[in-house]
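To be precise, the following lines are protein11.pdb, and they hold PDB, C-alpha atoms.
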```
ATOM      1  CA  ASN A   1     -43.566  34.627  46.372  1.00  0.00           C
ATOM      2  CA  CYS A   2     -44.379  37.522  44.103  1.00  0.00           C
ATOM      3  CA  ILE A   3     -41.610  39.729  42.840  1.00  0.00           C
ATOM      4  CA  PRO A   4     -41.681  43.120  44.568  1.00  0.00           C
ATOM      5  CA  GLY A   5     -43.134  45.794  42.376  1.00  0.00           C
ATOM      6  CA  ALA A   6     -44.602  43.275  39.972  1.00  0.00           C
ATOM      7  CA  GLU A   7     -47.909  43.851  38.389  1.00  0.00           C
ATOM      8  CA  VAL A   8     -50.397  41.177  39.385  1.00  0.00           C
ATOM      9  CA  LYS A   9     -52.662  39.873  36.652  1.00  0.00           C
ATOM     10  CA  HIS A  10     -55.361  37.244  36.698  1.00  0.00           C
ATOM     11  CA  THR A  11     -54.796  34.342  34.344  1.00  0.00           C
ATOM     12  CA  GLU A  12     -56.552  31.060  33.726  1.00  0.00           C
ATOM     13  CA  GLY A  13     -54.279  29.242  36.152  1.00  0.00           C
ATOM     14  CA  GLY A  14     -54.565  31.836  38.925  1.00  0.00           C
ATOM     15  CA  LEU A  15     -52.412  34.814  39.774  1.00  0.00           C
ATOM     16  CA  CYS A  16     -49.327  35.549  37.716  1.00  0.00           C
ATOM     17  CA  CYS A  17     -46.704  37.601  39.598  1.00  0.00           C
ATOM     18  CA  VAL A  18     -44.110  38.579  37.050  1.00  0.00           C
ATOM     19  CA  PRO A  19     -42.972  42.046  36.009  1.00  0.00           C
ATOM     20  CA  HIS A  20     -44.990  43.005  32.968  1.00  0.00           C
ATOM     21  CA  GLY A  21     -44.606  45.943  30.691  1.00  0.00           C
ATOM     22  CA  SER A  22     -47.431  47.081  28.585  1.00  0.00           C
ATOM     23  CA  SER A  23     -50.290  44.672  28.121  1.00  0.00           C
ATOM     24  CA  SER A  24     -49.624  44.501  24.393  1.00  0.00           C
ATOM     25  CA  SER A  25     -46.099  43.089  24.879  1.00  0.00           C
ATOM     26  CA  PHE A  26     -47.158  40.218  27.147  1.00  0.00           C
ATOM     27  CA  PRO A  27     -47.966  36.877  25.466  1.00  0.00           C
ATOM     28  CA  PRO A  28     -51.575  35.705  25.398  1.00  0.00           C
ATOM     29  CA  SER A  29     -53.015  34.133  28.503  1.00  0.00           C
ATOM     30  CA  GLY A  30     -52.026  30.499  29.026  1.00  0.00           C
ATOM     31  CA  PHE A  31     -49.072  30.734  26.636  1.00  0.00           C
ATOM     32  CA  VAL A  32     -46.385  30.551  29.347  1.00  0.00           C
ATOM     33  CA  GLY A  33     -48.014  27.595  31.056  1.00  0.00           C
ATOM     34  CA  THR A  34     -48.390  25.691  27.812  1.00  0.00           C
ATOM     35  CA  MET A  35     -44.738  26.325  26.907  1.00  0.00           C
ATOM     36  CA  MET A  36     -43.506  25.227  30.337  1.00  0.00           C
ATOM     37  CA  GLY A  37     -45.566  22.037  30.153  1.00  0.00           C
ATOM     38  CA  SER A  38     -44.246  21.186  26.696  1.00  0.00           C
ATOM     39  CA  LEU A  39     -40.690  21.884  27.832  1.00  0.00           C
ATOM     40  CA  SER A  40     -40.910  19.654  30.881  1.00  0.00           C
ATOM     41  CA  GLN A  41     -42.519  16.863  28.874  1.00  0.00           C
ATOM     42  CA  GLY A  42     -39.763  17.064  26.272  1.00  0.00           C
ATOM     43  CA  LEU A  43     -37.060  16.942  28.939  1.00  0.00           C
ATOM     44  CA  ARG A  44     -38.700  13.890  30.498  1.00  0.00           C
ATOM     45  CA  ARG A  45     -38.748  12.075  27.158  1.00  0.00           C
ATOM     46  CA  LEU A  46     -35.143  13.024  26.477  1.00  0.00           C
ATOM     47  CA  SER A  47     -33.969  11.702  29.849  1.00  0.00           C
ATOM     48  CA  LEU A  48     -35.854   8.412  29.414  1.00  0.00           C
ATOM     49  CA  ALA A  49     -34.472   7.968  25.905  1.00  0.00           C
ATOM     50  CA  THR A  50     -30.936   8.684  27.127  1.00  0.00           C
ATOM     51  CA  VAL A  51     -31.175   6.109  29.939  1.00  0.00           C
ATOM     52  CA  SER A  52     -32.699   3.358  27.794  1.00  0.00           C
ATOM     53  CA  ARG A  53     -30.452   3.890  24.761  1.00  0.00           C
ATOM     54  CA  ARG A  54     -27.433   1.579  24.330  1.00  0.00           C
ATOM     55  CA  PRO A  55     -24.597   1.960  21.867  1.00  0.00           C
ATOM     56  CA  VAL A  56     -25.148  -0.293  18.874  1.00  0.00           C
ATOM     57  CA  VAL A  57     -22.131  -1.278  16.837  1.00  0.00           C
ATOM     58  CA  THR A  58     -22.937  -3.401  13.818  1.00  0.00           C
ATOM     59  CA  ASN A  59     -19.497  -3.625  12.245  1.00  0.00           C
ATOM     60  CA  PHE A  60     -16.460  -5.035  14.061  1.00  0.00           C
ATOM     61  CA  SER A  61     -14.149  -5.210  11.060  1.00  0.00           C
ATOM     62  CA  PHE A  62     -10.594  -3.925  11.092  1.00  0.00           C
ATOM     63  CA  SER A  63     -11.379  -1.100   8.673  1.00  0.00           C
ATOM     64  CA  ALA A  64     -14.327   0.062  10.812  1.00  0.00           C
ATOM     65  CA  ALA A  65     -12.147   0.095  13.900  1.00  0.00           C
ATOM     66  CA  MET A  66      -9.515   2.127  12.077  1.00  0.00           C
ATOM     67  CA  ARG A  67     -12.182   4.635  10.974  1.00  0.00           C
ATOM     68  CA  GLY A  68     -13.256   5.077  14.613  1.00  0.00           C
ATOM     69  CA  GLN A  69     -16.720   3.546  14.310  1.00  0.00           C
ATOM     70  CA  ALA A  70     -16.244   1.330  17.373  1.00  0.00           C
ATOM     71  CA  LEU A  71     -15.267   3.944  19.951  1.00  0.00           C
ATOM     72  CA  SER A  72     -18.300   3.988  22.314  1.00  0.00           C
ATOM     73  CA  VAL A  73     -18.800   0.305  23.102  1.00  0.00           C
ATOM     74  CA  SER A  74     -19.016  -1.816  26.188  1.00  0.00           C
ATOM     75  CA  ARG A  75     -16.128  -3.885  27.523  1.00  0.00           C
ATOM     76  CA  ARG A  76     -17.464  -7.096  25.969  1.00  0.00           C
ATOM     77  CA  GLN A  77     -17.906  -5.423  22.595  1.00  0.00           C
ATOM     78  CA  MET A  78     -14.432  -3.887  22.874  1.00  0.00           C
ATOM     79  CA  VAL A  79     -12.905  -7.328  23.501  1.00  0.00           C
ATOM     80  CA  ALA A  80     -14.743  -8.659  20.449  1.00  0.00           C
ATOM     81  CA  THR A  81     -13.477  -5.748  18.357  1.00  0.00           C
ATOM     82  CA  VAL A  82      -9.865  -6.213  19.475  1.00  0.00           C
ATOM     83  CA  SER A  83     -10.100  -9.953  18.769  1.00  0.00           C
ATOM     84  CA  ALA A  84     -11.427  -9.303  15.271  1.00  0.00           C
ATOM     85  CA  VAL A  85      -8.627  -6.804  14.605  1.00  0.00           C
ATOM     86  CA  ASN A  86      -5.975  -9.258  15.817  1.00  0.00           C
ATOM     87  CA  VAL A  87      -7.382 -12.086  13.676  1.00  0.00           C
ATOM     88  CA  GLU A  88      -7.463  -9.921  10.547  1.00  0.00           C
ATOM     89  CA  ALA A  89      -3.954  -8.606  11.202  1.00  0.00           C
ATOM     90  CA  ALA A  90      -2.674 -12.179  11.580  1.00  0.00           C
ATOM     91  CA  GLN A  91      -4.338 -13.160   8.306  1.00  0.00           C
ATOM     92  CA  ASN A  92      -2.717 -10.201   6.525  1.00  0.00           C
ATOM     93  CA  SER A  93       0.670 -11.208   7.938  1.00  0.00           C
ATOM     94  CA  GLU A  94       0.300 -14.804   6.736  1.00  0.00           C
ATOM     95  CA  ARG A  95      -0.844 -13.626   3.305  1.00  0.00           C
ATOM     96  CA  ARG A  96       2.188 -11.366   3.045  1.00  0.00           C
ATOM     97  CA  GLN A  97       4.517 -14.216   4.011  1.00  0.00           C
ATOM     98  CA  ARG A  98       3.070 -16.451   1.288  1.00  0.00           C
ATOM     99  CA  ARG A  99       3.406 -13.683  -1.279  1.00  0.00           C
ATOM    100  CA  SER A 100       6.993 -12.925  -0.247  1.00  0.00           C
ATOM    101  CA  GLU A 101       7.912 -16.599  -0.592  1.00  0.00           C
ATOM    102  CA  LYS A 102       6.476 -16.724  -4.131  1.00  0.00           C
ATOM    103  CA  GLU A 103       8.384 -13.580  -5.094  1.00  0.00           C
ATOM    104  CA  ARG A 104      11.603 -14.954  -3.597  1.00  0.00           C
ATOM    105  CA  VAL A 105      11.370 -18.167  -5.644  1.00  0.00           C
ATOM    106  CA  ARG A 106      10.578 -16.227  -8.832  1.00  0.00           C
ATOM    107  CA  ASN A 107      13.440 -13.754  -8.319  1.00  0.00           C
ATOM    108  CA  LYS A 108      15.856 -16.574  -7.582  1.00  0.00           C
ATOM    109  CA  ALA A 109      14.906 -18.277 -10.859  1.00  0.00           C
ATOM    110  CA  LYS A 110      15.422 -15.030 -12.817  1.00  0.00           C
ATOM    111  CA  ARG A 111      18.847 -14.422 -11.266  1.00  0.00           C
ATOM    112  CA  SER A 112      19.823 -18.039 -11.919  1.00  0.00           C
ATOM    113  CA  ALA A 113      18.826 -17.715 -15.590  1.00  0.00           C
ATOM    114  CA  VAL A 114      20.972 -14.588 -15.951  1.00  0.00           C
ATOM    115  CA  ALA A 115      23.954 -16.317 -14.325  1.00  0.00           C
ATOM    116  CA  THR A 116      23.533 -19.367 -16.575  1.00  0.00           C
ATOM    117  CA  ARG A 117      23.505 -17.254 -19.755  1.00  0.00           C
ATOM    118  CA  MET A 118      26.619 -15.385 -18.654  1.00  0.00           C
ATOM    119  CA  LYS A 119      28.479 -18.621 -17.839  1.00  0.00           C
ATOM    120  CA  LYS A 120      27.726 -19.955 -21.319  1.00  0.00           C
ATOM    121  CA  VAL A 121      29.251 -16.840 -22.875  1.00  0.00           C
ATOM    122  CA  PHE A 122      32.374 -17.015 -20.704  1.00  0.00           C
ATOM    123  CA  LYS A 123      32.795 -20.714 -21.421  1.00  0.00           C
ATOM    124  CA  ALA A 124      32.526 -20.111 -25.184  1.00  0.00           C
ATOM    125  CA  LEU A 125      35.099 -17.311 -24.970  1.00  0.00           C
ATOM    126  CA  GLU A 126      37.520 -19.457 -22.974  1.00  0.00           C
ATOM    127  CA  ALA A 127      37.682 -21.867 -25.913  1.00  0.00           C
ATOM    128  CA  PHE A 128      39.470 -19.110 -27.877  1.00  0.00           C
ATOM    129  CA  SER A 129      42.184 -18.581 -25.251  1.00  0.00           C
ATOM    130  CA  ASP A 130      44.437 -21.296 -26.706  1.00  0.00           C
ATOM    131  CA  ASP A 131      43.305 -20.924 -30.321  1.00  0.00           C
ATOM    132  CA  PRO A 132      42.428 -17.278 -31.064  1.00  0.00           C
ATOM    133  CA  PRO A 133      39.854 -16.716 -33.823  1.00  0.00           C
ATOM    134  CA  LYS A 134      41.176 -15.914 -37.269  1.00  0.00           C
ATOM    135  CA  THR A 135      38.124 -13.925 -38.355  1.00  0.00           C
ATOM    136  CA  GLU A 136      35.142 -12.354 -36.691  1.00  0.00           C
ATOM    137  CA  ALA A 137      32.866 -14.940 -38.341  1.00  0.00           C
ATOM    138  CA  GLU A 138      34.190 -17.500 -35.883  1.00  0.00           C
ATOM    139  CA  LEU A 139      32.657 -15.450 -33.042  1.00  0.00           C
ATOM    140  CA  GLU A 140      29.122 -15.551 -34.437  1.00  0.00           C
ATOM    141  CA  PRO A 141      28.022 -18.335 -32.013  1.00  0.00           C
ATOM    142  CA  VAL A 142      29.391 -16.243 -29.162  1.00  0.00           C
ATOM    143  CA  GLU A 143      27.518 -13.213 -30.478  1.00  0.00           C
ATOM    144  CA  THR A 144      24.305 -15.258 -30.372  1.00  0.00           C
ATOM    145  CA  LEU A 145      24.968 -16.287 -26.774  1.00  0.00           C
ATOM    146  CA  ILE A 146      25.722 -12.683 -25.824  1.00  0.00           C
ATOM    147  CA  SER A 147      22.459 -11.520 -27.423  1.00  0.00           C
ATOM    148  CA  GLU A 148      20.506 -14.138 -25.443  1.00  0.00           C
ATOM    149  CA  ALA A 149      22.258 -13.084 -22.242  1.00  0.00           C
ATOM    150  CA  PHE A 150      21.412  -9.427 -22.915  1.00  0.00           C
ATOM    151  CA  GLN A 151      17.746 -10.342 -23.396  1.00  0.00           C
ATOM    152  CA  GLU A 152      17.693 -12.268 -20.128  1.00  0.00           C
ATOM    153  CA  ILE A 153      19.356  -9.393 -18.272  1.00  0.00           C
ATOM    154  CA  ASP A 154      16.904  -6.853 -19.706  1.00  0.00           C
ATOM    155  CA  LYS A 155      13.975  -9.071 -18.747  1.00  0.00           C
ATOM    156  CA  ALA A 156      15.236  -9.390 -15.176  1.00  0.00           C
ATOM    157  CA  TRP A 157      15.654  -5.608 -14.984  1.00  0.00           C
ATOM    158  CA  SER A 158      12.148  -4.955 -16.336  1.00  0.00           C
ATOM    159  CA  LYS A 159      10.652  -7.280 -13.700  1.00  0.00           C
ATOM    160  CA  GLY A 160      12.516  -5.499 -10.922  1.00  0.00           C
ATOM    161  CA  VAL A 161      14.780  -8.456 -10.106  1.00  0.00           C
ATOM    162  CA  LEU A 162      17.971  -6.573 -11.009  1.00  0.00           C
ATOM    163  CA  HIS A 163      18.790  -2.931 -10.455  1.00  0.00           C
ATOM    164  CA  LYS A 164      19.402  -0.969 -13.647  1.00  0.00           C
ATOM    165  CA  ASN A 165      23.037  -0.338 -12.689  1.00  0.00           C
ATOM    166  CA  THR A 166      23.541  -4.042 -11.968  1.00  0.00           C
ATOM    167  CA  ALA A 167      22.061  -4.938 -15.348  1.00  0.00           C
ATOM    168  CA  ALA A 168      24.326  -2.438 -17.102  1.00  0.00           C
ATOM    169  CA  ARG A 169      27.351  -3.783 -15.227  1.00  0.00           C
ATOM    170  CA  ARG A 170      26.589  -7.394 -16.265  1.00  0.00           C
ATOM    171  CA  LYS A 171      26.221  -6.431 -19.922  1.00  0.00           C
ATOM    172  CA  SER A 172      29.412  -4.410 -19.795  1.00  0.00           C
ATOM    173  CA  ARG A 173      31.243  -7.396 -18.338  1.00  0.00           C
ATOM    174  CA  LEU A 174      30.139  -9.576 -21.268  1.00  0.00           C
ATOM    175  CA  SER A 175      31.137  -6.963 -23.852  1.00  0.00           C
ATOM    176  CA  ARG A 176      34.563  -6.482 -22.252  1.00  0.00           C
ATOM    177  CA  ALA A 177      35.187 -10.236 -22.275  1.00  0.00           C
ATOM    178  CA  LYS A 178      34.385 -10.415 -25.994  1.00  0.00           C
ATOM    179  CA  ASN A 179      36.551  -7.367 -26.783  1.00  0.00           C
ATOM    180  CA  ARG A 180      39.438  -8.915 -24.848  1.00  0.00           C
ATOM    181  CA  VAL A 181      39.314 -11.999 -27.082  1.00  0.00           C
ATOM    182  CA  LEU A 182      39.180  -9.807 -30.193  1.00  0.00           C
ATOM    183  CA  ALA A 183      42.124  -7.742 -28.951  1.00  0.00           C
ATOM    184  CA  ASP A 184      44.211 -10.855 -28.316  1.00  0.00           C
ATOM    185  CA  ALA A 185      43.457 -12.053 -31.861  1.00  0.00           C
ATOM    186  CA  GLY A 186      44.278  -8.628 -33.331  1.00  0.00           C
ATOM    187  CA  LEU A 187      40.746  -8.180 -34.665  1.00  0.00           C
ATOM    188  CA  LEU A 188      39.569  -5.372 -32.393  1.00  0.00           C
ATOM    189  CA  ALA A 189      41.006  -2.559 -34.513  1.00  0.00           C
ATOM    190  CA  ASN A 190      39.416  -4.023 -37.649  1.00  0.00           C
ATOM    191  CA  ALA A 191      36.065  -4.316 -35.894  1.00  0.00           C
ATOM    192  CA  LYS A 192      36.213  -0.684 -34.765  1.00  0.00           C
ATOM    193  CA  SER A 193      37.136   0.561 -38.229  1.00  0.00           C
ATOM    194  CA  GLU A 194      34.293  -1.419 -39.803  1.00  0.00           C
ATOM    195  CA  ALA A 195      31.856  -0.030 -37.235  1.00  0.00           C
ATOM    196  CA  VAL A 196      32.971   3.545 -37.979  1.00  0.00           C
ATOM    197  CA  ALA A 197      32.702   2.949 -41.728  1.00  0.00           C
ATOM    198  CA  ALA A 198      29.189   1.541 -41.346  1.00  0.00           C
TER     199      ALA A 198
END
```

Whole structure, C-alpha coordinates version:
Amino acid sequence: NCIPGAEVKHTEGGLCCVPHGSSSSFPPSGFVGTMMGSLSQGLRRLSLATVSRRPVVTNFSFSAAMRGQALSVSRRQMVATVSAVNVEAAQNSERRQRRSEKERVRNKAKRSAVATRMKKVFKALEAFSDDPPKTEAELEPVETLISEAFQEIDKAWSKGVLHKNTAARRKSRLSRAKNRVLADAGLLANAKSEAVAA
(Lines of atoms letter the chains of each structure in order from A and count residues from 1; the text may use other names and numbers.)
(Lines give C-alpha, C1' and ligand atoms only; values in the text may rest on other atoms or scores of the structure.)
Protein backbone atom coordinates (compact mmCIF):
# COMPACT_ATOMS: atom_id res chain seq x y z
CA ASN A 1 0.00 0.00 0.00
CA CYS A 2 2.88 2.36 -0.58
CA ILE A 3 2.29 5.60 -2.39
CA PRO A 4 3.76 5.48 -5.90
CA GLY A 5 6.99 7.36 -6.15
CA ALA A 6 7.40 7.50 -2.39
CA GLU A 7 10.75 7.17 -0.82
CA VAL A 8 10.93 4.11 1.40
CA LYS A 9 12.74 4.53 4.70
CA HIS A 10 13.37 2.10 7.51
CA THR A 11 11.96 3.14 10.86
CA GLU A 12 11.68 1.48 14.24
CA GLY A 13 8.22 0.17 13.44
CA GLY A 14 9.12 -1.16 9.99
CA LEU A 15 8.86 0.42 6.57
CA CYS A 16 7.42 3.90 6.22
CA CYS A 17 5.99 4.60 2.74
CA VAL A 18 5.21 8.29 2.65
CA PRO A 19 6.54 10.95 0.30
CA HIS A 20 9.50 12.56 2.01
CA GLY A 21 11.46 15.58 1.02
CA SER A 22 14.89 16.10 2.31
CA SER A 23 15.92 14.06 5.31
CA SER A 24 16.33 17.21 7.39
CA SER A 25 12.65 18.19 7.01
CA PHE A 26 11.25 14.84 8.18
CA PRO A 27 10.49 14.48 11.91
CA PRO A 28 12.68 12.19 14.00
CA SER A 29 12.07 8.48 13.83
CA GLY A 30 9.13 7.27 15.92
CA PHE A 31 7.61 10.76 16.17
CA VAL A 32 4.65 10.04 13.86
CA GLY A 33 3.81 6.79 15.60
CA THR A 34 3.94 8.38 19.02
CA MET A 35 1.68 11.24 17.89
CA MET A 36 -0.84 8.87 16.31
CA GLY A 37 -0.96 6.75 19.47
CA SER A 38 -1.51 9.78 21.69
CA LEU A 39 -4.22 11.06 19.35
CA SER A 40 -6.13 7.79 19.31
CA GLN A 41 -5.87 7.46 23.08
CA GLY A 42 -7.20 10.98 23.55
CA LEU A 43 -10.12 10.33 21.21
CA ARG A 44 -10.97 7.15 23.11
CA ARG A 45 -11.02 9.02 26.42
CA LEU A 46 -13.12 11.80 24.94
CA SER A 47 -15.71 9.36 23.58
CA LEU A 48 -15.95 7.49 26.90
CA ALA A 49 -16.31 10.75 28.82
CA THR A 50 -19.01 11.95 26.43
CA VAL A 51 -21.04 8.73 26.79
CA SER A 52 -20.79 8.56 30.59
CA ARG A 53 -21.41 12.27 31.22
CA ARG A 54 -24.94 13.36 32.22
CA PRO A 55 -26.27 16.88 32.44
CA VAL A 56 -26.26 18.06 36.04
CA VAL A 57 -28.61 20.86 36.98
CA THR A 58 -28.32 21.97 40.58
CA ASN A 59 -30.71 24.91 40.54
CA PHE A 60 -34.37 24.62 39.55
CA SER A 61 -35.45 28.08 40.67
CA PHE A 62 -37.52 30.41 38.54
CA SER A 63 -34.66 32.87 38.10
CA ALA A 64 -32.30 30.10 36.94
CA ALA A 65 -34.85 28.90 34.42
CA MET A 66 -35.27 32.44 33.10
CA ARG A 67 -31.48 32.78 32.74
CA GLY A 68 -31.40 29.59 30.65
CA GLN A 69 -29.46 27.42 33.09
CA ALA A 70 -31.91 24.52 32.81
CA LEU A 71 -31.93 24.02 29.04
CA SER A 72 -30.19 20.62 28.62
CA VAL A 73 -32.07 18.41 31.07
CA SER A 74 -33.94 15.16 30.93
CA ARG A 75 -37.72 14.92 30.76
CA ARG A 76 -38.03 14.22 34.49
CA GLN A 77 -35.82 17.18 35.35
CA MET A 78 -37.76 19.37 32.91
CA VAL A 79 -41.05 18.45 34.62
CA ALA A 80 -39.50 19.32 37.98
CA THR A 81 -38.29 22.66 36.61
CA VAL A 82 -41.69 23.55 35.14
CA SER A 83 -43.39 22.60 38.41
CA ALA A 84 -41.03 24.81 40.39
CA VAL A 85 -41.64 27.71 38.01
CA ASN A 86 -45.42 27.30 38.27
CA VAL A 87 -45.30 27.16 42.08
CA GLU A 88 -43.16 30.30 42.31
CA ALA A 89 -45.36 32.14 39.81
CA ALA A 90 -48.46 31.22 41.84
CA GLN A 91 -46.79 32.49 45.01
CA ASN A 92 -45.92 35.79 43.32
CA SER A 93 -49.53 36.14 42.14
CA GLU A 94 -50.91 35.55 45.64
CA ARG A 95 -48.40 38.00 47.13
CA ARG A 96 -49.45 40.63 44.61
CA GLN A 97 -53.13 40.09 45.42
CA ARG A 98 -52.48 40.58 49.14
CA ARG A 99 -50.49 43.74 48.46
CA SER A 100 -53.17 45.13 46.13
CA GLU A 101 -55.84 44.54 48.77
CA LYS A 102 -53.80 46.44 51.39
CA GLU A 103 -53.28 49.33 48.98
CA ARG A 104 -56.98 49.40 48.09
CA VAL A 105 -58.02 49.66 51.75
CA ARG A 106 -55.44 52.39 52.41
CA ASN A 107 -56.44 54.42 49.34
CA LYS A 108 -60.11 54.11 50.23
CA ALA A 109 -59.40 55.49 53.71
CA LYS A 110 -57.46 58.45 52.26
CA ARG A 111 -60.23 59.30 49.79
CA SER A 112 -62.83 59.00 52.55
CA ALA A 113 -60.85 61.39 54.77
CA VAL A 114 -60.69 63.95 51.95
CA ALA A 115 -64.43 63.66 51.33
CA THR A 116 -65.18 64.04 55.05
CA ARG A 117 -63.10 67.23 55.33
CA MET A 118 -64.80 68.72 52.28
CA LYS A 119 -68.29 67.91 53.61
CA LYS A 120 -67.48 69.68 56.88
CA VAL A 121 -66.50 72.82 54.96
CA PHE A 122 -69.65 72.75 52.82
CA LYS A 123 -71.84 72.17 55.86
CA ALA A 124 -70.25 75.13 57.68
CA LEU A 125 -70.76 77.35 54.63
CA GLU A 126 -74.41 76.33 54.28
CA ALA A 127 -75.06 77.78 57.74
CA PHE A 128 -74.38 81.24 56.24
CA SER A 129 -76.94 80.86 53.44
CA ASP A 130 -79.81 82.18 55.58
CA ASP A 131 -77.72 84.48 57.77
CA PRO A 132 -74.80 85.91 55.77
CA PRO A 133 -71.70 86.86 57.79
CA LYS A 134 -71.34 90.49 58.76
CA THR A 135 -67.54 90.43 58.90
CA GLU A 136 -64.79 88.15 57.74
CA ALA A 137 -63.99 87.26 61.36
CA GLU A 138 -67.14 85.15 61.41
CA LEU A 139 -65.58 82.91 58.73
CA GLU A 140 -62.48 82.06 60.77
CA PRO A 141 -63.84 78.61 61.79
CA VAL A 142 -64.54 77.92 58.13
CA GLU A 143 -61.02 79.04 57.24
CA THR A 144 -59.67 76.51 59.75
CA LEU A 145 -61.76 73.73 58.21
CA ILE A 146 -60.61 74.72 54.73
CA SER A 147 -56.96 74.64 55.85
CA GLU A 148 -57.44 71.13 57.29
CA ALA A 149 -59.11 69.99 54.07
CA PHE A 150 -56.23 71.40 52.01
CA GLN A 151 -53.73 69.49 54.16
CA GLU A 152 -55.67 66.25 53.72
CA ILE A 153 -55.88 66.77 49.95
CA ASP A 154 -52.15 67.49 49.69
CA LYS A 155 -51.36 64.39 51.74
CA ALA A 156 -53.51 62.21 49.49
CA TRP A 157 -51.79 63.67 46.42
CA SER A 158 -48.30 63.08 47.86
CA LYS A 159 -49.16 59.42 48.55
CA GLY A 160 -50.39 58.94 45.00
CA VAL A 161 -54.04 58.43 45.99
CA LEU A 162 -55.24 61.50 44.08
CA HIS A 163 -54.00 62.84 40.77
CA LYS A 164 -52.51 66.33 40.96
CA ASN A 165 -55.26 67.75 38.76
CA THR A 166 -57.92 66.12 40.93
CA ALA A 167 -56.33 67.59 44.05
CA ALA A 168 -56.22 71.05 42.47
CA ARG A 169 -59.86 70.73 41.40
CA ARG A 170 -60.99 69.80 44.94
CA LYS A 171 -59.15 72.75 46.47
CA SER A 172 -60.56 75.08 43.85
CA ARG A 173 -64.06 73.85 44.63
CA LEU A 174 -63.60 74.71 48.32
CA SER A 175 -62.21 78.17 47.55
CA ARG A 176 -65.06 78.94 45.15
CA ALA A 177 -67.64 77.92 47.76
CA LYS A 178 -66.08 80.27 50.32
CA ASN A 179 -65.86 83.14 47.80
CA ARG A 180 -69.52 82.63 46.89
CA VAL A 181 -70.52 83.14 50.53
CA LEU A 182 -68.33 86.25 50.74
CA ALA A 183 -69.83 87.62 47.52
CA ASP A 184 -73.37 87.10 48.80
CA ALA A 185 -72.47 88.98 52.00
CA GLY A 186 -70.80 91.79 50.03
CA LEU A 187 -67.41 91.10 51.62
CA LEU A 188 -65.55 89.76 48.59
CA ALA A 189 -64.52 93.17 47.26
CA ASN A 190 -63.23 94.19 50.69
CA ALA A 191 -61.25 90.97 50.98
CA LYS A 192 -59.66 91.51 47.56
CA SER A 193 -58.73 95.10 48.35
CA GLU A 194 -57.17 94.07 51.67
CA ALA A 195 -55.20 91.32 49.93
CA VAL A 196 -53.87 93.79 47.33
CA ALA A 197 -52.96 96.30 50.04
CA ALA A 198 -51.10 93.63 52.01

Write out as a CSV table (one decimal) with C-alpha atoms, in the coordinates of the input which residues come within 12 Å of range 148-165 of chain A when counting all atoms listed in the file, dropping same-chain ones fewer than 3 positions away.
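Result file part-v5.csv:
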```
chain,number,residue,atom,x,y,z
A,103,GLU,CA,8.4,-13.6,-5.1
A,104,ARG,CA,11.6,-15.0,-3.6
A,105,VAL,CA,11.4,-18.2,-5.6
A,106,ARG,CA,10.6,-16.2,-8.8
A,107,ASN,CA,13.4,-13.8,-8.3
A,108,LYS,CA,15.9,-16.6,-7.6
A,109,ALA,CA,14.9,-18.3,-10.9
A,110,LYS,CA,15.4,-15.0,-12.8
A,111,ARG,CA,18.8,-14.4,-11.3
A,112,SER,CA,19.8,-18.0,-11.9
A,113,ALA,CA,18.8,-17.7,-15.6
A,114,VAL,CA,21.0,-14.6,-16.0
A,115,ALA,CA,24.0,-16.3,-14.3
A,116,THR,CA,23.5,-19.4,-16.6
A,117,ARG,CA,23.5,-17.3,-19.8
A,118,MET,CA,26.6,-15.4,-18.7
A,119,LYS,CA,28.5,-18.6,-17.8
A,120,LYS,CA,27.7,-20.0,-21.3
A,121,VAL,CA,29.3,-16.8,-22.9
A,122,PHE,CA,32.4,-17.0,-20.7
A,141,PRO,CA,28.0,-18.3,-32.0
A,142,VAL,CA,29.4,-16.2,-29.2
A,143,GLU,CA,27.5,-13.2,-30.5
A,144,THR,CA,24.3,-15.3,-30.4
A,145,LEU,CA,25.0,-16.3,-26.8
A,168,ALA,CA,24.3,-2.4,-17.1
A,169,ARG,CA,27.4,-3.8,-15.2
A,170,ARG,CA,26.6,-7.4,-16.3
A,171,LYS,CA,26.2,-6.4,-19.9
A,172,SER,CA,29.4,-4.4,-19.8
A,173,ARG,CA,31.2,-7.4,-18.3
A,174,LEU,CA,30.1,-9.6,-21.3
A,175,SER,CA,31.1,-7.0,-23.9
```

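Taking CA of Ala127 in chain A and CA of Thr166 in chain A as the two end points, the separation is 26.7 Å.
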
Kindly give the distance, in Å, that separates CA of Ala177 in chain A and CA of Ala189 in chain A, rounded to a single decimal.
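Spanning CA of Ala177 in chain A to CA of Ala189 in chain A is a straight-line distance of 15.6 Å.
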
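For the pair CA of Arg99 in chain A and CA of Ser83 in chain A, the interatomic distance is 24.5 Å.
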
Can you list, as an NGL selection string, every protein, DNA or RNA residue that comes within 9 Å of Lys134 in chain A when you count all atoms listed in the file, leaving out same-chain residues fewer than 4 positions away?
:A and (138 or 185-187)

Listed atoms of range 134-138 of chain A boxed along x, y and z, 6 Å each side, centre and edge lengths in Å, one decimal, as AutoDock Vina command-line options:
```
--center_x 37.0 --center_y -14.9 --center_z -37.1 --size_x 20.3 --size_y 17.1 --size_z 14.5
```
